[in-house]
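One structure is given below, encoded as structure tokens.
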Number of protein chains: 2
Amino acid sequence: MEEQKAIGILDSGVGGLTVVKEVFRQLPKEKVIYFGDTARCPYGPRLLEEVKEFTLEIVDFLLAQNVKMIVIACNTATAAALQEVKKKVKIPVVGVIRPGSLSAIKHTQTGEIGVIGTEGTIQSGAYENTLKQINPKLKVTSHACPTLVPLVESGIEDEITIRQVVKDALKPILSQKMDSLILGCTHYPLISKYIQEVVGDQVKLLSSAEETAREVSTILHHQNLLNQTENEPEHHFYTTGDVVHFKQIAEKWLGRAIEVTHIELAKKNEEKSSIKK
Amino acid sequence: MEEQKAIGILDSGVGGLTVVKEVFRQLPKEKVIYFGDTARCPYGPRLLEEVKEFTLEIVDFLLAQNVKMIVIACNTATAAALQEVKKKVKIPVVGVIRPGSLSAIKHTQTGEIGVIGTEGTIQSGAYENTLKQINPKLKVTSHACPTLVPLVESGIEDEITIRQVVKDALKPILSQKMDSLILGCTHYPLISKYIQEVVGDQVKLLSSAEETAREVSTILHHQNLLNQTENEPEHHFYTTGDVVHFKQIAEKWLGRAIEVTHIELAKKNEEKSSIKK
């Protein structure tokens, strides 16, 4: 039965778990297979061409697990590879940039929208293009925050350090007018408390995680793919990195025990890495 | 060009204008053709079989206007006819019950959700079924408010009267636990200020209007039907009732001048009306 298959969710690391948490909450009957490419994280500073290659490789892995849908729960990978993946596979594919954009369009009253994300996402202009394609009158301010993904992946819990890194990262946007700020990276909801403190309560933070889970629900319904069985679904988590470290961050965020499997991808692409140091 | 066609939006009267307002706001490049069946309003107390017949008749009218998508912006008509309309037409069809349900699922923290709507909508169990199909553990309290549609359609502006009618209508749900209340009728956002006063600030009101416009955006995108032209779109409004009365309520709600055309449908169905008096 097609609808009883799992949803495949991928990210550069633990960021996509924010989408998983929302899928668990909004679609509790759905099975999830998660792939976090921790060994090659962060994707943000890499060339989009390389991120596309990594994403296609993970998509192949998920297709081999027989998933019914693919969620690219990484903004950089969405910017780099969504169109390519859509062309390649026959099952529905959802990225995180359109749901985040629609959420901002729904919430903004002033039409002034901020976007923060990785260098790759911001340089791609994907949010600005999506927002302006729908409404050319929106005023969009974008800003890259390259220090935030490493902060989240490190698992640091010291509040003083986190506050300082977040404050420094957001400084340039504090003088910009906006009533909505898109968290254009799935890692950011993990530190949204600190982001909210810095930008102030008058700015609504919009997480693509919540909206992506809602989008997944819509697409599954329109394709007759919502799981109808009553059983407690089983989930699988894979990481290319350290299992213990991944499990620790994931269980804390998801609030439940999970099984994590280490996996090596065929092409490691370490040598030709495009990370700008 | 398929994507330059209008979106057809229908309702029993002025309620669907709450969806139109959100489509104008969230999708400013899209043309709208609106049909308000004011002469046969309210739909709520009618047999669902009759509402289905009315809806299919209006769908025929909209198809003749060459629309690219149909939005059944009436909860009663969605409960009565969505499946039938979907079977009948080849263009995408969106109702208001699923978007409203997904919005509640996204917002609820306690899992306790209230629904208010017309007798037809509540008796159909459509919200409860949609919510529980996705998450069987939700606690759903439903309540019919038959006096609210006539209140909105009357255009009454006297606040004391509105407050009293709303208070009486909502009394039975005030003792129920809920953190989210679905406005399961597109007329209700027109009086949401008063509903919020009665239920209190701790209950989040969820309007299917906002969420339906967002759903329309998703579906149009996935079908490659988003309008890409830069022109200011033209809209058309049709009512089976009094043009002046409709125009007055509509212009106040939409905050802009509109052209309204009176239209008579072939079958008036007045004689075999199923309204329970």
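Chains: A, B, ... in order of the structure tokens. Residues: from 1 per chain. Ligands: from 1, in order shown.
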Residues of chain B were defined as contacting chain A if any atom lay at most 7 Å from it, counting only C-alpha atoms; please report them as a count of residues only. 9
A:Leu47 surroundings by only C-alpha atoms, 12 Å radius, close-in-sequence under 2 positions cut, as a PyMOL selection string: chain A and resi 42-45+49-54+76-77+79-81+118-121+123-124+272-276
Keeping only N, CA and C atoms, write the selected residues to a file as an mmCIF file, in the first residue's frame.
```
data_model
loop_
_atom_site.group_PDB
_atom_site.id
_atom_site.type_symbol
_atom_site.label_atom_id
_atom_site.label_comp_id
_atom_site.auth_asym_id
_atom_site.auth_seq_id
_atom_site.Cartn_x
_atom_site.Cartn_y
_atom_site.Cartn_z
ATOM 1 N N PRO A 42 28.767 21.904 7.488
ATOM 2 C CA PRO A 42 27.610 22.593 6.928
ATOM 3 C C PRO A 42 27.589 22.614 5.397
ATOM 4 N N TYR A 43 26.365 22.706 4.837
ATOM 5 C CA TYR A 43 26.207 22.863 3.390
ATOM 6 C C TYR A 43 26.332 24.340 2.993
ATOM 7 N N GLY A 44 25.988 25.228 3.924
ATOM 8 C CA GLY A 44 25.888 26.661 3.622
ATOM 9 C C GLY A 44 27.070 27.274 2.883
ATOM 10 N N PRO A 45 28.315 26.995 3.306
ATOM 11 C CA PRO A 45 29.454 27.645 2.642
ATOM 12 C C PRO A 45 29.912 26.943 1.367
ATOM 13 N N GLU A 49 26.573 23.830 -6.620
ATOM 14 C CA GLU A 49 26.737 22.673 -7.495
ATOM 15 C C GLU A 49 27.087 21.421 -6.666
ATOM 16 N N GLU A 50 27.942 21.611 -5.674
ATOM 17 C CA GLU A 50 28.332 20.482 -4.824
ATOM 18 C C GLU A 50 27.163 20.054 -3.922
ATOM 19 N N VAL A 51 26.438 21.034 -3.378
ATOM 20 C CA VAL A 51 25.290 20.716 -2.533
ATOM 21 C C VAL A 51 24.252 19.929 -3.348
ATOM 22 N N LYS A 52 24.108 20.306 -4.614
ATOM 23 C CA LYS A 52 23.164 19.586 -5.485
ATOM 24 C C LYS A 52 23.574 18.112 -5.611
ATOM 25 N N GLU A 53 24.875 17.899 -5.815
ATOM 26 C CA GLU A 53 25.396 16.533 -5.961
ATOM 27 C C GLU A 53 25.127 15.715 -4.675
ATOM 28 N N PHE A 54 25.422 16.312 -3.528
ATOM 29 C CA PHE A 54 25.187 15.637 -2.242
ATOM 30 C C PHE A 54 23.697 15.287 -2.101
ATOM 31 N N THR A 76 19.495 25.270 2.130
ATOM 32 C CA THR A 76 20.572 25.333 1.143
ATOM 33 C C THR A 76 20.351 24.268 0.064
ATOM 34 N N ALA A 77 19.995 23.051 0.488
ATOM 35 C CA ALA A 77 19.746 21.968 -0.471
ATOM 36 C C ALA A 77 18.507 22.267 -1.315
ATOM 37 N N ALA A 79 17.489 25.302 -2.177
ATOM 38 C CA ALA A 79 17.926 26.317 -3.149
ATOM 39 C C ALA A 79 18.765 25.664 -4.252
ATOM 40 N N ALA A 80 19.593 24.692 -3.874
ATOM 41 C CA ALA A 80 20.536 24.098 -4.829
ATOM 42 C C ALA A 80 19.909 23.036 -5.719
ATOM 43 N N ALA A 81 18.952 22.257 -5.169
ATOM 44 C CA ALA A 81 18.604 21.011 -5.865
ATOM 45 C C ALA A 81 17.115 20.718 -6.032
ATOM 46 N N THR A 118 21.746 30.476 5.478
ATOM 47 C CA THR A 118 23.174 30.248 5.229
ATOM 48 C C THR A 118 23.623 31.121 4.056
ATOM 49 N N GLU A 119 24.913 31.207 3.841
ATOM 50 C CA GLU A 119 25.426 31.971 2.691
ATOM 51 C C GLU A 119 24.846 31.417 1.393
ATOM 52 N N GLY A 120 24.825 30.087 1.276
ATOM 53 C CA GLY A 120 24.330 29.465 0.046
ATOM 54 C C GLY A 120 22.898 29.850 -0.237
ATOM 55 N N THR A 121 22.058 29.767 0.797
ATOM 56 C CA THR A 121 20.640 30.093 0.629
ATOM 57 C C THR A 121 20.459 31.569 0.277
ATOM 58 N N GLN A 123 22.686 33.782 -0.901
ATOM 59 C CA GLN A 123 23.264 34.137 -2.207
ATOM 60 C C GLN A 123 22.429 33.618 -3.382
ATOM 61 N N SER A 124 21.723 32.514 -3.186
ATOM 62 C CA SER A 124 20.894 31.972 -4.272
ATOM 63 C C SER A 124 19.715 32.886 -4.590
ATOM 64 N N LYS A 272 37.047 16.794 -3.102
ATOM 65 C CA LYS A 272 36.739 17.943 -3.959
ATOM 66 C C LYS A 272 35.786 18.923 -3.269
ATOM 67 N N SER A 273 35.780 18.876 -1.963
ATOM 68 C CA SER A 273 34.908 19.776 -1.208
ATOM 69 C C SER A 273 35.119 21.230 -1.614
ATOM 70 N N SER A 274 34.030 21.939 -1.720
ATOM 71 C CA SER A 274 34.101 23.341 -2.143
ATOM 72 C C SER A 274 33.999 24.311 -0.981
ATOM 73 N N ILE A 275 34.102 23.809 0.253
ATOM 74 C CA ILE A 275 33.970 24.719 1.398
ATOM 75 C C ILE A 275 35.057 25.786 1.322
ATOM 76 N N LYS A 276 34.570 27.036 1.442
ATOM 77 C CA LYS A 276 35.523 28.163 1.430
ATOM 78 C C LYS A 276 36.013 28.348 2.865
#
```
A:Glu197 environment, 12 Å, only C-alpha atoms, sequence neighbours closer than 3 positions dropped, as a ChimeraX atom specification: /A:162-164,166-167,170,174,191-194,200-205
Can I get the selection written as a compact mmCIF listing (two decimals), in the first residue's frame, with all heavy atoms?
```txt
# COMPACT_ATOMS: atom_id res chain seq x y z
N ILE A 162 25.80 31.04 23.46
CA ILE A 162 24.78 31.03 22.41
C ILE A 162 24.27 32.46 22.18
O ILE A 162 24.20 32.94 21.05
CB ILE A 162 23.58 30.12 22.79
CG1 ILE A 162 24.07 28.67 23.01
CG2 ILE A 162 22.52 30.14 21.71
CD1 ILE A 162 22.99 27.71 23.48
N ARG A 163 23.92 33.15 23.27
CA ARG A 163 23.41 34.53 23.17
C ARG A 163 24.37 35.43 22.41
O ARG A 163 23.96 36.22 21.57
CB ARG A 163 23.22 35.11 24.57
CG ARG A 163 21.82 35.02 25.00
CD ARG A 163 21.41 35.88 26.16
NE ARG A 163 20.12 35.34 26.57
CZ ARG A 163 19.94 34.47 27.54
NH1 ARG A 163 20.95 34.08 28.28
NH2 ARG A 163 18.74 34.01 27.80
N GLN A 164 25.67 35.28 22.71
CA GLN A 164 26.65 36.16 22.08
C GLN A 164 26.76 35.89 20.58
O GLN A 164 26.78 36.81 19.77
CB GLN A 164 28.01 35.98 22.78
CG GLN A 164 29.02 37.07 22.44
CD GLN A 164 28.48 38.46 22.74
OE1 GLN A 164 27.98 38.74 23.83
NE2 GLN A 164 28.53 39.36 21.74
N VAL A 166 24.53 34.52 18.61
CA VAL A 166 23.29 34.92 17.94
C VAL A 166 23.25 36.44 17.78
O VAL A 166 22.90 36.97 16.71
CB VAL A 166 22.05 34.41 18.72
CG1 VAL A 166 20.76 35.00 18.16
CG2 VAL A 166 22.00 32.88 18.69
N LYS A 167 23.62 37.15 18.83
CA LYS A 167 23.60 38.62 18.82
C LYS A 167 24.53 39.16 17.72
O LYS A 167 24.14 40.02 16.93
CB LYS A 167 24.08 39.12 20.18
CG LYS A 167 23.47 40.42 20.62
CD LYS A 167 23.81 40.66 22.08
CE LYS A 167 23.71 42.13 22.44
NZ LYS A 167 24.11 42.36 23.82
N LEU A 170 23.12 38.51 14.15
CA LEU A 170 21.93 39.25 13.73
C LEU A 170 22.11 40.76 13.69
O LEU A 170 21.24 41.47 13.17
CB LEU A 170 20.75 38.90 14.65
CG LEU A 170 20.30 37.45 14.63
CD1 LEU A 170 19.15 37.25 15.62
CD2 LEU A 170 19.84 37.02 13.24
N LEU A 174 19.28 44.40 12.57
CA LEU A 174 18.49 45.02 13.63
C LEU A 174 18.00 46.42 13.26
O LEU A 174 16.99 46.89 13.77
CB LEU A 174 19.27 45.05 14.95
CG LEU A 174 19.58 43.66 15.52
CD1 LEU A 174 20.32 43.78 16.83
CD2 LEU A 174 18.31 42.83 15.69
N ILE A 191 17.34 27.32 18.02
CA ILE A 191 17.81 28.44 18.85
C ILE A 191 16.87 29.65 18.71
O ILE A 191 17.28 30.79 18.92
CB ILE A 191 19.27 28.86 18.48
CG1 ILE A 191 19.40 29.00 16.95
CG2 ILE A 191 20.29 27.88 19.02
CD1 ILE A 191 20.71 29.64 16.50
N SER A 192 15.60 29.37 18.40
CA SER A 192 14.67 30.48 18.12
C SER A 192 14.45 31.36 19.35
O SER A 192 14.22 32.56 19.22
CB SER A 192 13.34 29.96 17.58
OG SER A 192 12.71 29.18 18.54
N LYS A 193 14.54 30.76 20.53
CA LYS A 193 14.36 31.54 21.75
C LYS A 193 15.35 32.71 21.79
O LYS A 193 14.99 33.84 22.13
CB LYS A 193 14.62 30.60 22.95
CG LYS A 193 14.38 31.22 24.30
CD LYS A 193 14.65 30.20 25.41
CE LYS A 193 15.99 30.46 26.10
NZ LYS A 193 16.30 29.52 27.19
N TYR A 194 16.59 32.43 21.42
CA TYR A 194 17.64 33.46 21.46
C TYR A 194 17.46 34.47 20.33
O TYR A 194 17.71 35.66 20.50
CB TYR A 194 19.02 32.79 21.41
CG TYR A 194 19.19 31.76 22.50
CD1 TYR A 194 18.95 30.41 22.27
CD2 TYR A 194 19.52 32.16 23.79
CE1 TYR A 194 19.07 29.47 23.28
CE2 TYR A 194 19.64 31.22 24.82
CZ TYR A 194 19.42 29.88 24.55
OH TYR A 194 19.52 28.96 25.55
N GLY A 200 13.45 41.06 19.19
CA GLY A 200 12.35 41.71 19.91
C GLY A 200 10.99 41.12 19.55
O GLY A 200 10.81 40.52 18.49
N ASP A 201 10.04 41.32 20.46
CA ASP A 201 8.73 40.69 20.33
C ASP A 201 7.88 41.23 19.18
O ASP A 201 6.90 40.61 18.78
CB ASP A 201 7.93 40.86 21.63
CG ASP A 201 8.42 39.89 22.70
OD1 ASP A 201 9.11 38.93 22.32
OD2 ASP A 201 8.13 40.12 23.89
N GLN A 202 8.22 42.42 18.68
CA GLN A 202 7.40 42.99 17.60
C GLN A 202 7.64 42.29 16.26
O GLN A 202 6.89 42.48 15.31
CB GLN A 202 7.62 44.51 17.51
CG GLN A 202 8.95 44.96 16.90
CD GLN A 202 10.15 44.71 17.83
OE1 GLN A 202 10.03 44.21 18.95
NE2 GLN A 202 11.33 45.04 17.34
N VAL A 203 8.69 41.47 16.19
CA VAL A 203 8.97 40.73 14.96
C VAL A 203 8.51 39.27 15.13
O VAL A 203 8.91 38.60 16.07
CB VAL A 203 10.48 40.76 14.61
CG1 VAL A 203 10.75 39.96 13.34
CG2 VAL A 203 10.96 42.20 14.44
N LYS A 204 7.65 38.83 14.22
CA LYS A 204 7.17 37.45 14.27
C LYS A 204 8.18 36.54 13.57
O LYS A 204 8.51 36.76 12.40
CB LYS A 204 5.81 37.40 13.55
CG LYS A 204 5.27 36.01 13.30
CD LYS A 204 4.35 35.56 14.40
CE LYS A 204 3.78 34.17 14.11
NZ LYS A 204 3.20 33.53 15.28
N LEU A 205 8.66 35.53 14.29
CA LEU A 205 9.58 34.56 13.67
C LEU A 205 8.78 33.49 12.96
O LEU A 205 7.84 32.92 13.53
CB LEU A 205 10.44 33.88 14.74
CG LEU A 205 11.37 34.76 15.58
CD1 LEU A 205 12.31 33.88 16.38
CD2 LEU A 205 12.17 35.72 14.70
```
Just want the 9 Å neighbourhood of B:Glu259, counted on only C-alpha atoms, with same-chain residues fewer than 4 positions away dropped. Output as a list of chain:residue names. B:His235, B:His236, B:Phe237, B:Tyr238, B:Lys247
Limited to N, CA, C and O atoms, could you put the picked residues into a file as a CSV table (one decimal), in the first residue's frame?
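Final file, again.csv:
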```csv
chain,number,residue,atom,x,y,z
B,235,HIS,N,-11.2,41.8,-11.4
B,235,HIS,CA,-12.1,40.8,-10.7
B,235,HIS,C,-13.5,41.0,-11.1
B,235,HIS,O,-13.9,42.1,-11.5
B,236,HIS,N,-14.3,39.9,-10.9
B,236,HIS,CA,-15.8,40.0,-11.2
B,236,HIS,C,-16.5,39.4,-10.0
B,236,HIS,O,-16.2,38.4,-9.5
B,237,PHE,N,-17.6,40.1,-9.6
B,237,PHE,CA,-18.4,39.6,-8.5
B,237,PHE,C,-19.9,39.4,-9.0
B,237,PHE,O,-20.4,40.3,-9.7
B,238,TYR,N,-20.4,38.3,-8.7
B,238,TYR,CA,-21.8,38.0,-9.1
B,238,TYR,C,-22.6,37.7,-7.8
B,238,TYR,O,-22.1,37.0,-7.0
B,247,LYS,N,-23.0,44.8,-2.5
B,247,LYS,CA,-21.8,45.7,-2.8
B,247,LYS,C,-21.4,46.5,-1.5
B,247,LYS,O,-20.2,46.6,-1.3
```
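Proximity to B:Leu17 was assessed for B:Met178, B:Val216, B:Val85, B:Val71 counting only C-alpha atoms; the smallest distance is recorded for B:Val71.
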